[in-house]
Each structure stands twice: as C-alpha cells, then as structure tokens.
Amino acid sequence: MDRRKSLKSIVLGSVAGGLAIHGCRPSTEGTELTEAPKITYPGRVPQELEHIEELSEEEFLNPHEVETLTILCDLILPATQEYKGASDADVVGFIEFMAKDVETLQPDIRGGLMWLDHKSNTEYGTEFKAATEEQQKTILDGIAYYDPEVPGNE
C-alpha cells in the first residue's frame, strides 16, 4: 500500500469512527428510567436434585481419610483472624462430593492420601494426621517446592 492510500484510510477511518460514535449516542429525551427487572433462578431441576440426593447417600471417604484430608486442607488454607479456613468452608465435603460425582478423581484422591501416610510413616514413623504440624509442612513443602535434581524425588 502506498503512502497516499494509507493517509486516505487513516482520515476516512477517523471520520467514520467519529460519526459512528456521535450517531450512536443514545438520547434520553422522552424515555423514562425504570427499575431493571429482577432475574430469579428457580433452583435446580428435579433430575439434579435426585442426583445430588443419591450422591449424598453414598460414602467415598472413610473416617481416616476424612481426618487426613481435613488436616491437609487446613494446612493449605488455614483460618486467620480475618478469614475462615478450609474446615469452615467444608472443603472436605466438597472434595468428597466431587469425587462421588466424577469417579475418575477417586484414584488420585485416595492414592494421594495413601502417599501422604506412606511418606509420613517412612520419614517420621507415624501417620500423616498424627505427625506434628512441622513434620506435615515439611512433607507438603517437598510437594510444593519439588526439585527433580534431588535424589528420591520421583
């Protein structure tokens, strides 16, 4: 494209843009402002309610896994003076619900909890939930700050 065509495109584009903005300006004359209609959500459809009820009756996590997962979630998202923690938000209940709803998550969740116990038993001679908070955080730091150069990190 030569310079003359470029300048012509720039000028025409600027003029057209100004006209479009000026021509699209809404007029408020003769219109009354009314309150916007409220949109309400009627809730879940009957099929969803049935599915949720069926999932609620099932049990995926055993008591040991619930305790371990509760400690894990509270370490990841602890309560502070300003904010509530994972237990207050029933994160474990949500994780269990999701695991029951999406069955492909179950092996990873259960396997991860078993791995935590195995790692804790290997390093500290106790289950993850019975280890001290410092020991638990040390295990979690190894996951959060993974270094493939360290032997044994496979």
# chains A, B, ... in the order shown; residues from 1 in each chain; ligands from 1

$ residues_around --residues "region 71-81 of chain A" --least-positions-apart "5" --cutoff "10 Å" --atoms "only C-alpha atoms" --output "list in words"
Glu65, Val66, Ala86, Ser87, Asp88, Asp90, Val91, Val92, Leu113, Leu116, Phe128, Lys129, Ala130, Glu133, Gln136, Lys137 and Leu140 of chain A

$ closest_residue --among "A:Ile139, A:His64, A:Glu57, A:Leu49" --to "Lys119 (chain A)" --atoms "only C-alpha atoms"
A:Ile139

$ atom_distance --atom1 "CA of Ile109 (chain A)" --atom2 "CA of Ala89 (chain A)"
18.9 Å

$ atom_distance --atom1 "CA of Glu123 (chain A)" --atom2 "CA of Asp141 (chain A)"
13.9 Å

$ select_by_dssp --residues "region 26-141 of chain A" --states "helix (DSSP H, G or I)" --output "VMD selection string"
chain A and resid 46 to 57 63 to 76 91 to 101 103 to 124 128 to 130 133 to 141

$ residues_around --residues "Met98 (chain A)" --least-positions-apart "6" --cutoff "12 Å" --atoms "only C-alpha atoms" --output "PyMOL selection string"
chain A and resi 52+55-56+58-61+91-92+104-106+109

$ write_last_selection --atoms "N, CA, C and O atoms" --output "mmCIF file, in the first residue's frame"
data_model
loop_
_atom_site.group_PDB
_atom_site.id
_atom_site.type_symbol
_atom_site.label_atom_id
_atom_site.label_comp_id
_atom_site.auth_asym_id
_atom_site.auth_seq_id
_atom_site.Cartn_x
_atom_site.Cartn_y
_atom_site.Cartn_z
ATOM 1 N N ILE A 52 -28.147 -35.274 43.280
ATOM 2 C CA ILE A 52 -27.476 -34.785 44.483
ATOM 3 C C ILE A 52 -27.861 -35.634 45.684
ATOM 4 O O ILE A 52 -27.012 -35.978 46.517
ATOM 5 N N LEU A 55 -25.993 -38.937 45.483
ATOM 6 C CA LEU A 55 -24.584 -38.768 45.829
ATOM 7 C C LEU A 55 -24.408 -38.551 47.331
ATOM 8 O O LEU A 55 -23.432 -39.015 47.919
ATOM 9 N N SER A 56 -25.342 -37.851 47.942
ATOM 10 C CA SER A 56 -25.250 -37.581 49.382
ATOM 11 C C SER A 56 -25.381 -38.851 50.204
ATOM 12 O O SER A 56 -24.820 -38.959 51.295
ATOM 13 N N GLU A 58 -24.291 -41.815 49.253
ATOM 14 C CA GLU A 58 -23.083 -42.623 49.068
ATOM 15 C C GLU A 58 -21.991 -42.145 50.016
ATOM 16 O O GLU A 58 -22.020 -41.030 50.506
ATOM 17 N N GLU A 59 -21.016 -43.020 50.244
ATOM 18 C CA GLU A 59 -19.871 -42.654 51.068
ATOM 19 C C GLU A 59 -18.610 -43.076 50.329
ATOM 20 O O GLU A 59 -18.451 -44.230 49.960
ATOM 21 N N PHE A 60 -17.733 -42.126 50.097
ATOM 22 C CA PHE A 60 -16.483 -42.429 49.402
ATOM 23 C C PHE A 60 -15.310 -42.482 50.376
ATOM 24 O O PHE A 60 -14.564 -43.442 50.408
ATOM 25 N N LEU A 61 -15.150 -41.434 51.166
ATOM 26 C CA LEU A 61 -14.019 -41.367 52.087
ATOM 27 C C LEU A 61 -14.350 -42.054 53.404
ATOM 28 O O LEU A 61 -15.433 -41.878 53.949
ATOM 29 N N VAL A 91 -14.569 -27.755 52.838
ATOM 30 C CA VAL A 91 -13.842 -28.133 51.639
ATOM 31 C C VAL A 91 -13.786 -29.652 51.493
ATOM 32 O O VAL A 91 -13.928 -30.187 50.391
ATOM 33 N N VAL A 92 -13.622 -30.355 52.600
ATOM 34 C CA VAL A 92 -13.544 -31.823 52.540
ATOM 35 C C VAL A 92 -14.868 -32.396 52.023
ATOM 36 O O VAL A 92 -14.873 -33.309 51.195
ATOM 37 N N THR A 104 -13.595 -40.459 38.094
ATOM 38 C CA THR A 104 -12.195 -40.517 37.654
ATOM 39 C C THR A 104 -11.263 -39.811 38.639
ATOM 40 O O THR A 104 -10.054 -40.010 38.585
ATOM 41 N N LEU A 105 -11.802 -38.998 39.532
ATOM 42 C CA LEU A 105 -10.986 -38.328 40.549
ATOM 43 C C LEU A 105 -10.643 -39.251 41.722
ATOM 44 O O LEU A 105 -9.689 -38.995 42.455
ATOM 45 N N GLN A 106 -11.417 -40.291 41.917
ATOM 46 C CA GLN A 106 -11.278 -41.137 43.104
ATOM 47 C C GLN A 106 -9.903 -41.765 43.265
ATOM 48 O O GLN A 106 -9.336 -41.706 44.366
ATOM 49 N N ILE A 109 -7.365 -39.046 44.463
ATOM 50 C CA ILE A 109 -7.594 -38.558 45.825
ATOM 51 C C ILE A 109 -7.176 -39.614 46.839
ATOM 52 O O ILE A 109 -6.405 -39.344 47.763
#

$ atom_distance --atom1 "CA of Pro107 (chain A)" --atom2 "CA of Pro151 (chain A)"
26.2 Å
